[in-house]
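A.B. asks: So that you have it, the file is work.cif, and it contains mmCIF, C-alpha atoms:
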data_work
loop_
_atom_site.label_atom_id
_atom_site.label_comp_id
_atom_site.auth_asym_id
_atom_site.auth_seq_id
_atom_site.Cartn_x
_atom_site.Cartn_y
_atom_site.Cartn_z
CA MET I 109 1.09 -14.67 -24.49
CA ALA I 110 0.35 -13.11 -21.09
CA LYS I 111 2.08 -16.03 -19.36
CA ALA I 112 5.36 -15.30 -21.13
CA TYR I 113 5.19 -11.70 -19.90
CA SER I 114 3.84 -12.54 -16.44
CA GLN I 115 6.15 -10.17 -14.55
CA VAL I 116 6.02 -7.29 -17.02
CA PHE I 117 2.29 -7.30 -17.78
CA ILE I 118 0.21 -7.80 -14.65
CA SER I 119 -2.80 -9.91 -15.57
CA SER I 120 -5.17 -12.34 -13.90
CA SER I 121 -6.66 -15.60 -15.05
CA LYS I 122 -9.86 -14.63 -13.19
CA TYR I 123 -10.60 -11.43 -15.14
CA ASP I 124 -10.21 -9.88 -18.56
CA SER I 125 -7.22 -7.80 -17.49
CA ARG I 126 -6.89 -5.93 -20.78
CA GLU I 127 -10.50 -4.80 -20.57
CA ILE I 128 -10.06 -3.68 -16.97
CA TYR I 129 -7.09 -1.48 -17.87
CA ARG I 130 -8.92 -0.22 -20.96
CA SER I 131 -12.00 0.74 -18.96
CA ARG I 132 -9.85 2.64 -16.46
CA ARG I 133 -8.26 4.67 -19.26
CA ARG I 134 -11.69 5.27 -20.75
CA ASP I 135 -13.08 6.48 -17.41
CA LEU I 136 -10.11 8.79 -16.93
CA MET I 137 -10.51 10.32 -20.40
CA LYS I 138 -14.14 11.15 -19.60
CA LYS I 139 -12.83 13.41 -16.82
CA LEU I 140 -10.19 15.12 -18.96
CA ASP I 141 -10.56 18.23 -21.08
CA SER I 142 -7.11 18.06 -22.66
CA VAL I 143 -4.24 15.69 -23.40
CA CYS I 144 -2.81 13.79 -20.40
CA VAL I 145 0.56 12.04 -20.09
CA PHE I 146 1.98 9.53 -17.60
CA SER I 147 5.54 8.36 -17.16
CA GLY I 148 6.43 4.93 -15.87
CA MET I 149 9.62 4.46 -13.88
CA PRO I 150 12.45 5.79 -16.07
CA SER I 151 15.03 3.07 -15.36
CA ASP I 152 15.54 -0.31 -13.74
CA PRO I 153 16.49 -0.18 -10.04
CA GLY I 154 20.21 -0.21 -9.49
CA SER I 155 21.03 0.77 -13.06
CA GLU I 156 22.15 4.21 -11.90
CA GLU I 157 24.51 2.81 -9.23
CA ALA I 158 27.66 0.84 -9.99
CA PHE I 159 27.43 -1.23 -6.80
CA VAL I 160 23.82 -2.39 -7.38
CA GLN I 161 23.85 -4.63 -10.39
CA THR I 162 21.34 -7.43 -10.14
CA TRP I 163 18.43 -9.00 -8.26
CA VAL I 164 16.81 -5.71 -7.35
CA LYS I 165 13.04 -5.96 -7.74
CA PHE I 166 11.44 -3.55 -10.21
CA VAL I 167 8.40 -1.67 -8.89
CA GLN I 168 6.39 0.34 -11.40
CA GLU I 169 4.85 3.75 -10.76
CA PRO I 170 1.42 2.65 -9.41
CA ALA I 171 -0.53 5.17 -11.52
CA PHE I 172 1.08 3.90 -14.70
CA LEU I 173 0.53 0.28 -13.66
CA PHE I 174 -3.10 1.01 -12.77
CA LEU I 175 -3.80 2.28 -16.30
CA THR I 176 -1.69 -0.10 -18.39
CA GLY I 177 -0.61 -3.19 -16.46
CA VAL I 178 2.89 -2.61 -17.84
CA ASN I 179 5.53 -3.32 -15.20
CA GLN I 180 8.80 -2.32 -16.83
CA ALA I 181 10.98 0.74 -17.14
CA GLY I 182 11.17 3.43 -19.82
CA CYS I 183 7.50 3.65 -20.87
CA TYR I 184 5.01 6.50 -21.37
CA LEU I 185 1.25 6.73 -21.81
CA LEU I 186 -0.50 9.50 -23.74
CA LEU I 187 -4.28 9.95 -23.60
CA ASP I 188 -6.18 12.32 -25.88
CA PRO I 189 -9.84 12.78 -24.88
CA ASP I 190 -10.64 14.85 -27.99
CA THR I 191 -9.86 12.00 -30.39
CA LYS I 192 -10.43 9.21 -27.82
CA SER I 193 -6.96 7.95 -28.67
CA GLU I 194 -4.38 6.29 -26.43
CA ILE I 195 -0.72 5.75 -27.26
CA LEU I 196 1.70 3.54 -25.37
CA PHE I 197 5.40 4.31 -25.78
CA VAL I 198 7.81 1.47 -24.99
CA PRO I 199 11.55 0.88 -25.48
CA LYS I 200 12.61 -0.77 -28.72
CA LYS I 201 12.72 -4.54 -28.63
CA ASP I 202 16.16 -5.83 -27.61
CA PRO I 203 16.53 -9.63 -28.03
CA PHE I 204 20.01 -9.61 -26.47
CA LYS I 205 18.69 -8.02 -23.25
CA GLU I 206 15.87 -10.54 -23.22
CA PHE I 207 18.50 -13.29 -23.39
CA TRP I 208 19.72 -12.02 -20.02
CA ASN I 209 16.57 -10.72 -18.35
CA GLY I 210 13.60 -12.43 -19.98
CA LYS I 211 10.70 -11.15 -22.05
CA ARG I 212 10.05 -7.41 -22.23
CA ILE I 213 7.32 -5.41 -23.93
CA GLY I 214 9.11 -3.61 -26.73
CA TYR I 215 8.51 -1.86 -30.02
CA LEU I 216 9.40 -3.84 -33.11
CA GLU I 217 8.32 -2.72 -36.56
CA ASN I 218 5.65 -4.93 -38.12
CA ASN I 219 5.21 -6.75 -34.80
CA SER I 220 1.88 -6.53 -32.94
CA ASP I 221 2.82 -8.41 -29.76
CA ALA I 222 2.76 -5.27 -27.56
CA SER I 223 -0.66 -4.25 -28.85
CA GLU I 224 -2.15 -7.71 -28.47
CA LEU I 225 -0.76 -8.05 -24.96
CA THR I 226 -1.84 -4.66 -23.59
CA GLY I 227 -4.92 -3.99 -25.70
CA ILE I 228 -3.52 -0.59 -26.73
CA LYS I 229 -3.61 -0.49 -30.51
CA ASP I 230 -1.18 2.40 -30.98
CA VAL I 231 2.24 1.38 -29.64
CA ARG I 232 5.31 3.45 -30.56
CA PRO I 233 9.00 3.68 -29.62
CA ALA I 234 9.68 5.53 -26.37
CA ASP I 235 12.16 7.87 -28.06
CA GLU I 236 9.29 9.33 -30.13
CA PHE I 237 7.28 10.45 -27.09
CA PHE I 238 8.24 14.13 -27.05
CA GLU I 239 7.91 14.42 -30.82
CA VAL I 240 4.37 13.03 -30.73
CA LEU I 241 3.41 15.20 -27.76
CA GLY I 242 4.77 18.27 -29.54
CA SER I 243 2.69 17.51 -32.63
CA MET I 244 -0.46 17.20 -30.52
CA LEU I 245 0.20 20.49 -28.74
CA ALA I 246 0.85 22.26 -32.05
CA ARG I 247 -2.18 21.00 -33.93
CA LYS I 248 -4.98 23.34 -34.89
CA GLY I 249 -7.43 23.99 -32.08
CA ALA I 250 -5.20 22.44 -29.43
CA LYS I 251 -5.69 23.77 -25.91
CA LYS I 252 -3.08 25.90 -24.19
CA PHE I 253 -2.64 23.38 -21.40
CA PHE I 254 -2.34 19.65 -20.86
CA TYR I 255 -2.13 17.27 -17.90
CA ALA I 256 0.70 15.24 -16.46
CA TYR I 257 0.81 13.04 -13.38
CA PHE I 258 2.83 14.71 -10.61
CA PHE I 259 2.35 16.11 -7.10
CA GLU I 260 2.63 19.80 -6.28
CA LYS I 261 3.48 19.11 -2.63
CA PHE I 262 5.86 16.20 -3.16
CA GLN I 263 8.77 17.40 -5.26
CA GLY I 264 11.86 15.44 -6.20
CA ASP I 265 10.43 12.06 -7.18
CA HIS I 266 10.48 10.70 -10.74
CA ASN I 267 7.06 12.24 -11.47
CA TRP I 268 8.34 15.69 -10.56
CA LYS I 269 11.48 15.18 -12.65
CA PHE I 270 9.25 14.17 -15.55
CA LYS I 271 7.21 17.33 -15.04
CA GLU I 272 10.42 19.42 -15.13
CA LYS I 273 11.40 17.82 -18.43
CA LEU I 274 7.96 18.61 -19.78
CA THR I 275 8.24 22.19 -18.53
CA LYS I 276 11.46 22.77 -20.48
CA PHE I 277 9.89 21.18 -23.54
CA VAL I 278 6.66 23.21 -23.55
CA ARG I 279 8.29 26.61 -23.01
CA LEU I 280 8.67 26.73 -26.77
CA LYS I 281 5.03 25.75 -27.23
CA GLY I 282 3.52 28.37 -24.92
CA VAL I 283 1.33 25.92 -23.00
CA LYS I 284 0.87 25.15 -19.31
CA ILE I 285 0.98 21.87 -17.43
CA LYS I 286 -1.67 20.89 -14.90
CA SER I 287 -1.47 18.03 -12.40
CA ALA I 288 -3.74 15.08 -13.14
CA ALA I 289 -3.25 13.64 -9.65
CA ASP I 290 -6.61 14.66 -8.15
CA ILE I 291 -8.55 13.40 -11.17
CA HIS I 292 -6.62 10.15 -11.03
CA TRP I 293 -7.14 9.60 -7.29
CA ALA I 294 -10.89 10.15 -7.59
CA LEU I 295 -11.01 7.18 -9.97
CA ARG I 296 -8.40 5.00 -8.31
CA LEU I 297 -9.25 5.13 -4.60
CA PRO I 298 -12.71 3.48 -4.89
CA LEU I 299 -11.97 -0.16 -5.76
CA ASP I 300 -13.82 -1.90 -8.57
CA ALA I 301 -15.24 -5.41 -8.11
CA PRO I 302 -12.12 -7.33 -9.26
CA ARG I 303 -9.87 -5.34 -6.92
CA ILE I 304 -12.27 -5.84 -4.01
CA ASP I 305 -12.10 -9.57 -4.69
CA GLU I 306 -8.29 -9.40 -4.69
CA ALA I 307 -8.34 -7.49 -1.40
CA LYS I 308 -10.55 -10.17 0.16
CA ARG I 309 -8.29 -12.95 -1.10
CA ALA I 310 -5.30 -11.11 0.38
CA GLN I 311 -7.10 -11.10 3.74
CA THR I 312 -7.71 -14.86 3.52
CA ALA I 313 -4.05 -15.48 2.70
CA THR I 314 -2.96 -13.29 5.61
CA ASP I 315 -5.33 -15.04 8.01
CA LYS I 316 -3.85 -18.43 7.06
CA ALA I 317 -0.32 -17.13 7.53
CA PHE I 318 -1.08 -15.67 10.97
CA ARG I 319 -2.79 -18.81 12.23
CA ALA I 320 0.19 -20.89 11.05
CA LEU I 321 2.48 -18.53 12.94
CA LEU I 322 0.47 -18.86 16.18
CA GLU I 323 0.74 -22.63 15.88
CA ALA I 324 4.50 -22.50 15.36
CA MET I 325 5.17 -19.76 17.95
CA PRO I 326 6.96 -21.94 20.56
CA SER I 327 9.70 -22.81 18.07
CA PHE I 328 10.94 -19.25 17.46
CA ARG I 329 14.00 -18.09 19.38
CA ASN I 330 14.27 -14.56 17.98
CA GLU I 331 12.59 -11.92 15.84
CA ARG I 332 14.41 -13.08 12.71
CA GLU I 333 13.16 -16.66 12.90
CA LEU I 334 9.63 -15.46 13.51
CA GLY I 335 9.81 -12.98 10.62
CA LEU I 336 11.22 -15.53 8.17
CA PHE I 337 8.44 -17.97 8.99
CA LEU I 338 5.72 -15.34 8.66
CA ASP I 339 7.15 -14.08 5.36
CA HIS I 340 7.23 -17.62 3.99
CA GLU I 341 3.60 -18.22 4.91
CA LEU I 342 2.51 -14.86 3.48
CA LEU I 343 4.32 -15.53 0.20
CA ARG I 344 3.06 -19.11 0.02
CA ASN I 345 -0.57 -18.17 0.56
CA GLY I 346 -0.52 -14.88 -1.37
CA ASP I 347 0.37 -13.96 -4.91
CA GLY I 348 4.15 -13.97 -4.72
CA ASP I 349 4.86 -10.63 -3.05
CA LEU I 350 4.77 -9.19 0.42
CA ALA I 351 2.69 -6.04 0.77
CA PHE I 352 5.66 -4.42 2.55
CA PRO I 353 8.65 -5.57 4.66
CA THR I 354 7.27 -7.36 7.71
CA ILE I 355 7.79 -5.67 11.08
CA VAL I 356 8.62 -8.00 13.98
CA ALA I 357 9.22 -5.93 17.13
CA SER I 358 9.40 -7.61 20.52
CA GLY I 359 9.31 -5.96 23.92
CA ALA I 360 10.38 -2.31 23.95
CA ASN I 361 11.34 -2.58 20.26
CA ALA I 362 7.62 -2.18 19.48
CA CYS I 363 7.98 1.46 20.53
CA CYS I 364 9.87 2.06 17.25
CA LEU I 365 7.07 2.40 14.70
CA HIS I 366 9.09 1.24 11.67
CA TYR I 367 11.44 -1.12 13.50
CA VAL I 368 13.69 -2.91 11.00
CA LYS I 369 16.46 -4.60 13.05
CA LYS I 370 14.56 -7.84 13.52
CA ASP I 371 17.45 -9.59 15.29
CA GLU I 372 16.59 -9.48 19.01
CA PRO I 373 15.79 -12.59 21.08
CA LEU I 374 12.17 -13.28 22.00
CA GLN I 375 11.64 -13.14 25.76
CA LYS I 376 8.83 -14.98 27.49
CA GLY I 377 6.60 -12.48 29.29
CA GLU I 378 7.01 -9.85 26.58
CA LEU I 379 4.70 -8.96 23.72
CA VAL I 380 5.74 -8.99 20.07
CA LEU I 381 4.18 -6.57 17.58
CA LEU I 382 3.70 -7.91 14.05
CA ASP I 383 2.86 -5.61 11.14
CA PHE I 384 2.44 -7.70 7.99
CA GLY I 385 0.53 -8.28 4.79
CA THR I 386 0.58 -9.91 1.41
CA ARG I 387 -0.36 -9.02 -2.13
CA VAL I 388 -2.90 -10.64 -4.43
CA GLY I 389 -3.03 -9.20 -7.94
CA THR I 390 -2.45 -5.50 -7.35
CA LEU I 391 -4.17 -5.29 -3.95
CA HIS I 392 -2.80 -5.74 -0.45
CA SER I 393 -3.62 -6.64 3.10
CA ASP I 394 -2.16 -4.55 5.92
CA ILE I 395 -2.58 -6.17 9.33
CA THR I 396 -1.06 -5.60 12.76
CA ARG I 397 -1.37 -7.96 15.68
CA THR I 398 0.35 -7.81 19.08
CA ILE I 399 0.70 -11.17 20.79
CA PRO I 400 2.33 -12.57 23.96
CA VAL I 401 5.53 -14.49 23.30
CA GLY I 402 4.67 -17.07 25.93
CA GLY I 403 0.98 -17.35 25.05
CA LYS I 404 -0.54 -15.27 27.85
CA PHE I 405 -0.90 -11.52 28.50
CA ASN I 406 0.06 -10.30 31.97
CA PRO I 407 -2.54 -8.08 33.72
CA LEU I 408 -0.94 -4.77 32.66
CA GLN I 409 -0.53 -5.93 29.07
CA LYS I 410 -4.12 -7.11 29.06
CA MET I 411 -5.42 -3.76 30.31
CA LEU I 412 -3.47 -1.75 27.73
CA TYR I 413 -4.35 -4.15 24.93
CA GLU I 414 -8.06 -3.90 25.70
CA ILE I 415 -7.87 -0.10 25.71
CA VAL I 416 -6.39 -0.15 22.20
CA LEU I 417 -8.87 -2.79 21.03
CA ASP I 418 -11.82 -0.81 22.39
CA SER I 419 -10.55 2.39 20.76
CA ALA I 420 -10.76 0.67 17.38
CA GLU I 421 -14.40 -0.23 18.01
CA VAL I 422 -15.21 3.35 18.99
CA TYR I 423 -13.49 4.64 15.84
CA ARG I 424 -15.26 2.17 13.58
CA LYS I 425 -18.64 3.61 14.62
CA ALA I 426 -17.65 6.83 12.81
CA VAL I 427 -16.37 5.16 9.63
CA ARG I 428 -18.94 5.60 6.86
CA PRO I 429 -19.45 7.29 3.48
CA GLY I 430 -19.62 11.06 3.53
CA VAL I 431 -16.90 11.74 6.10
CA SER I 432 -13.17 12.22 5.60
CA LEU I 433 -10.36 10.52 7.48
CA LYS I 434 -9.25 13.95 8.63
CA GLU I 435 -12.62 14.59 10.30
CA ILE I 436 -12.63 11.42 12.37
CA GLY I 437 -8.91 10.83 12.82
CA GLN I 438 -8.66 12.08 16.40
CA ILE I 439 -11.40 9.86 17.84
CA PRO I 440 -9.33 6.84 18.96
CA TRP I 441 -6.50 8.93 20.41
CA GLU I 442 -8.84 10.94 22.61
CA TYR I 443 -10.51 7.72 23.70
CA ILE I 444 -7.19 6.10 24.61
CA ILE I 445 -6.07 9.06 26.76
CA GLY I 446 -9.41 9.07 28.55
CA GLU I 447 -9.24 5.35 29.27
CA LEU I 448 -5.63 5.55 30.50
CA GLU I 449 -6.76 8.11 33.04
CA THR I 450 -9.80 6.04 34.06
CA ARG I 451 -8.58 2.44 33.93
CA LEU I 452 -4.86 2.83 34.56
CA VAL I 453 -4.39 5.92 36.75
CA LYS I 454 -7.60 5.88 38.79
CA GLY I 455 -8.44 2.19 38.62
CA ALA I 456 -4.98 0.67 39.11
CA LYS I 457 -2.95 3.43 40.78
CA GLY I 458 -0.93 3.50 37.59
CA THR I 459 1.30 5.91 35.72
CA TYR I 460 2.13 6.38 32.10
CA LYS I 461 4.59 8.29 29.96
CA LEU I 462 3.78 8.30 26.26
CA LEU I 463 6.50 8.58 23.62
CA TYR I 464 4.53 11.13 21.62
CA ASP I 465 2.30 14.15 22.01
CA LYS I 466 -1.46 13.44 21.67
CA ARG I 467 -1.22 11.03 18.69
CA PRO I 468 1.60 8.74 17.51
CA HIS I 469 0.48 8.30 13.90
CA GLY I 470 -2.59 8.40 11.68
CA VAL I 471 -5.27 5.89 12.55
CA SER I 472 -6.17 5.27 8.89
CA HIS I 473 -4.69 5.36 5.44
CA PHE I 474 -6.10 4.30 2.09
CA ILE I 475 -5.10 0.90 0.68
CA GLY I 476 -4.98 0.11 -3.03
CA GLU I 477 -2.28 -0.14 -5.65
CA GLN I 478 0.05 1.09 -2.92
CA ILE I 479 -0.08 -0.10 0.66
CA HIS I 480 -0.25 3.59 1.68
CA GLU I 481 -2.53 4.84 -1.08
CA GLY I 482 -3.29 8.48 -1.77
CA ASP I 483 -1.48 11.72 -2.53
CA PRO I 484 1.99 11.51 -0.90
CA GLY I 485 1.80 15.14 0.22
CA SER I 486 -1.59 15.04 1.95
CA ARG I 487 -2.29 11.29 2.07
CA SER I 488 -5.70 12.31 0.65
CA LEU I 489 -7.00 12.63 4.22
CA SER I 490 -9.49 15.34 3.21
CA MET I 491 -11.11 13.16 0.53
CA VAL I 492 -14.65 12.16 1.44
CA LEU I 493 -15.08 8.41 1.90
CA GLU I 494 -17.04 6.59 -0.81
CA PRO I 495 -18.28 3.01 -1.19
CA GLY I 496 -15.46 0.81 -2.47
CA MET I 497 -12.65 2.64 -0.69
CA LEU I 498 -10.40 0.49 1.48
CA ILE I 499 -8.81 1.95 4.61
CA SER I 500 -6.77 0.74 7.54
CA CYS I 501 -7.87 1.02 11.16
CA GLU I 502 -4.76 0.96 13.36
CA PRO I 503 -4.85 2.59 16.78
CA GLY I 504 -1.79 2.08 18.95
CA LEU I 505 -0.19 2.85 22.28
CA TYR I 506 3.55 3.31 22.90
CA GLY I 507 5.28 4.29 26.12
CA GLU I 508 6.21 3.42 29.70
CA PHE I 509 3.44 2.17 31.96
CA SER I 510 2.97 0.91 35.51
CA ALA I 511 -0.03 -0.34 37.49
CA VAL I 512 -0.96 -2.17 40.68
CA ILE I 513 -3.16 -5.14 39.82
CA GLY I 514 -4.02 -7.90 42.28
CA GLY I 515 -1.68 -6.36 44.81
CA LYS I 516 1.32 -6.58 42.46
CA ARG I 517 3.09 -3.70 40.75
CA TYR I 518 3.74 -4.17 37.02
CA ARG I 519 6.08 -1.94 34.99
CA GLU I 520 7.18 -2.06 31.38
CA LYS I 521 7.98 -0.13 28.25
CA ILE I 522 5.56 -1.41 25.68
CA GLY I 523 4.17 -0.87 22.20
CA ILE I 524 0.76 -2.20 21.16
CA ARG I 525 -0.92 -1.77 17.78
CA ILE I 526 -3.95 -3.56 16.35
CA GLU I 527 -4.81 -3.07 12.69
CA ASP I 528 -7.69 -4.20 10.49
CA ASP I 529 -8.71 -3.26 6.94
CA LEU I 530 -12.15 -1.71 6.41
CA LEU I 531 -14.07 -1.67 3.12
CA ILE I 532 -16.45 1.29 2.85
CA THR I 533 -20.00 0.32 1.83
CA LYS I 534 -23.15 2.31 1.03
CA THR I 535 -24.32 2.15 4.64
CA GLY I 536 -21.06 2.03 6.57
CA HIS I 537 -18.21 -0.43 6.24
CA VAL I 538 -17.23 -4.10 6.39
CA ASN I 539 -14.23 -5.25 8.43
CA LEU I 540 -12.39 -7.53 6.00
CA SER I 541 -10.01 -8.60 8.77
CA LYS I 542 -12.60 -9.69 11.35
CA HIS I 543 -11.71 -13.39 11.03
CA ILE I 544 -8.02 -12.87 11.80
CA PRO I 545 -7.60 -13.68 15.53
CA LYS I 546 -7.53 -10.45 17.52
CA THR I 547 -9.25 -10.61 20.90
CA ILE I 548 -7.30 -11.61 24.00
CA CYS I 549 -9.61 -14.61 24.41
CA ASP I 550 -9.04 -15.83 20.84
CA ILE I 551 -5.27 -15.33 20.90
CA GLU I 552 -4.73 -16.91 24.30
CA ALA I 553 -7.09 -19.80 23.59
CA PHE I 554 -5.33 -20.58 20.34
CA MET I 555 -1.82 -20.21 21.78
CA ARG I 556 -2.65 -22.14 24.96
CA LYS I 557 -2.84 -25.32 22.93
CA LYS I 558 0.54 -24.62 21.33
CA CYS I 559 2.60 -22.90 24.02
CA ARG I 560 2.47 -25.37 26.90
#
Could the structure of this file be written out as structure tokens, please?
C.D. replies:
Amino acid sequence: MAKAYSQVFISSSKYDSREIYRSRRRDLMKKLDSVCVFSGMPSDPGSEEAFVQTWVKFVQEPAFLFLTGVNQAGCYLLLDPDTKSEILFVPKKDPFKEFWNGKRIGYLENNSDASELTGIKDVRPADEFFEVLGSMLARKGAKKFFYAYFFEKFQGDHNWKFKEKLTKFVRLKGVKIKSAADIHWALRLPLDAPRIDEAKRAQTATDKAFRALLEAMPSFRNERELGLFLDHELLRNGDGDLAFPTIVASGANACCLHYVKKDEPLQKGELVLLDFGTRVGTLHSDITRTIPVGGKFNPLQKMLYEIVLDSAEVYRKAVRPGVSLKEIGQIPWEYIIGELETRLVKGAKGTYKLLYDKRPHGVSHFIGEQIHEGDPGSRSLSMVLEPGMLISCEPGLYGEFSAVIGGKRYREKIGIRIEDDLLITKTGHVNLSKHIPKTICDIEAFMRKKCR
């Protein structure tokens, strides 16, 4: 049955997916002291706009997907820790829509398909959600508050709109609504064993894609050709989805952090920054590499690249359980400034003009169900690292630089970023990306064979 619903119920042939989702709901209920509700995405993408009518990918609210595996619109989840009950609300079954769009999880009287698929025994029509919630809030001994999933510091998204609907509804009931976000993140950010395995497989797929790209590098004339090839290899080796839209930024374009044009020619002598990743199951890889178009770094590029690479090693020494990303987040940026003064200014009579003040971006973010995991308001930077958490490590350098090396003056506007993914362990961390070519020696040696 899961195969027929492969895009609307996310499952794996390697694990008992229903049991994984069930255990997550069970663990969440242990942390709750009242009813908790979650809303999936309310509608299919494009359905609210007349000019967007088809072939727009549906992406479920990650919290809802994490707890249910259900990847379709118009669903709700209600958890009641007092009675240990869980109720999934889904749209009514519509065979005519399925004729157009394929199988959907839907309520149909005297039909147990939705329950068998998801493992949630109590499945009801979505239009009964508020009625059932009202009955729970009005029952004898019910608490004067309940939980919903929304963010206090990120207002305007579908979760906040859901909270506003709930607020209007409960005014008549005299109860308050609390955010379940912090409770949810505490359970979701540390990865369980199946998700760690998926993260490792995503790294392997990304490594294969990058090595294939290095081999094919001489054939690319522009950013678009390079990006299309890399996307194809990521999709072919991964699980069918990119982790995010691939960034291909050559030359000075790499100074735009989220460069999207991807249509400039590749020039020999320039670097090209690649930010890419793929998805396996519900986990992602998030990798950045900066490589020379012609296969060899010039002396200025080499100096700047090594400064960024070394800053990552310095930062990694501080990555361990018991610290927060906020505590250690300034380490690589201070190191980079110090090394620019020592290696570039003093050592090579150089100059630099950065395109930012002190730090261009965060050096780490959490990775999980979302490529940028964590509370959207705070990015969960104050959360203490625990074993099982997966974070990025991505120092960078963006600006205008000059130096005298070997009697020759070099000048260029350049952007360099190097990114690996680190899995927190009991004693420190493991670099899941260590096998993906990264050092100047590895990149040049590999490309030398291909770029002659």
A.B. asks: Figure out the distance between atom CA of I:Phe253 and atom CA of I:Pro484, please, to one decimal in Å.
C.D. replies: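 Separating atom CA of I:Pro484 from atom CA of I:Phe253 is a distance of 24.1 Å.
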A.B. asks: Please write as a list of chain:residue names the full residue list that the PyMOL selection byres ((chain I and resi 356) around 8) yields on this file.
C.D. replies: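 The output of the PyMOL selection byres ((chain I and resi 356) around 8) on this file is I:Glu331, I:Arg332, I:Leu334, I:Gly335, I:Thr354, I:Ile355, I:Ala357, I:Ser358, I:Tyr367, I:Val368, I:Lys370, I:Val380, I:Leu381, I:Leu382, I:Asp383.
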A.B. asks: Please, could you write that set of residues out with C-alpha atoms as a PDB file, keeping the file's coordinate frame?
C.D. replies:
ATOM      1  CA  GLU I 331      12.590 -11.920  15.840  1.00  0.00           C
ATOM      2  CA  ARG I 332      14.410 -13.080  12.710  1.00  0.00           C
ATOM      3  CA  LEU I 334       9.630 -15.460  13.510  1.00  0.00           C
ATOM      4  CA  GLY I 335       9.810 -12.980  10.620  1.00  0.00           C
ATOM      5  CA  THR I 354       7.270  -7.360   7.710  1.00  0.00           C
ATOM      6  CA  ILE I 355       7.790  -5.670  11.080  1.00  0.00           C
ATOM      7  CA  ALA I 357       9.220  -5.930  17.130  1.00  0.00           C
ATOM      8  CA  SER I 358       9.400  -7.610  20.520  1.00  0.00           C
ATOM      9  CA  TYR I 367      11.440  -1.120  13.500  1.00  0.00           C
ATOM     10  CA  VAL I 368      13.690  -2.910  11.000  1.00  0.00           C
ATOM     11  CA  LYS I 370      14.560  -7.840  13.520  1.00  0.00           C
ATOM     12  CA  VAL I 380       5.740  -8.990  20.070  1.00  0.00           C
ATOM     13  CA  LEU I 381       4.180  -6.570  17.580  1.00  0.00           C
ATOM     14  CA  LEU I 382       3.700  -7.910  14.050  1.00  0.00           C
ATOM     15  CA  ASP I 383       2.860  -5.610  11.140  1.00  0.00           C
TER      16      ASP I 383
END
A.B. asks: Considering all atoms listed in the file, can you say which of I:Phe117, I:Phe258, I:Tyr423, I:Tyr129 comes closest to I:His537?
C.D. replies: I:Tyr423
A.B. asks: I'd like to know which of I:Ser510, I:Asn539, I:Gln409, I:Thr275 is closest to I:Ile395, using all atoms listed in the file.
C.D. replies: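 Among the listed residues, the smallest separation from I:Ile395 belongs to I:Asn539.
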A.B. asks: For atom CA of I:Lys211 and atom CA of I:Gly348, determine how far apart the two atoms are, in Å to one decimal place.
C.D. replies: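 Interatomic distance here is 18.7 Å.
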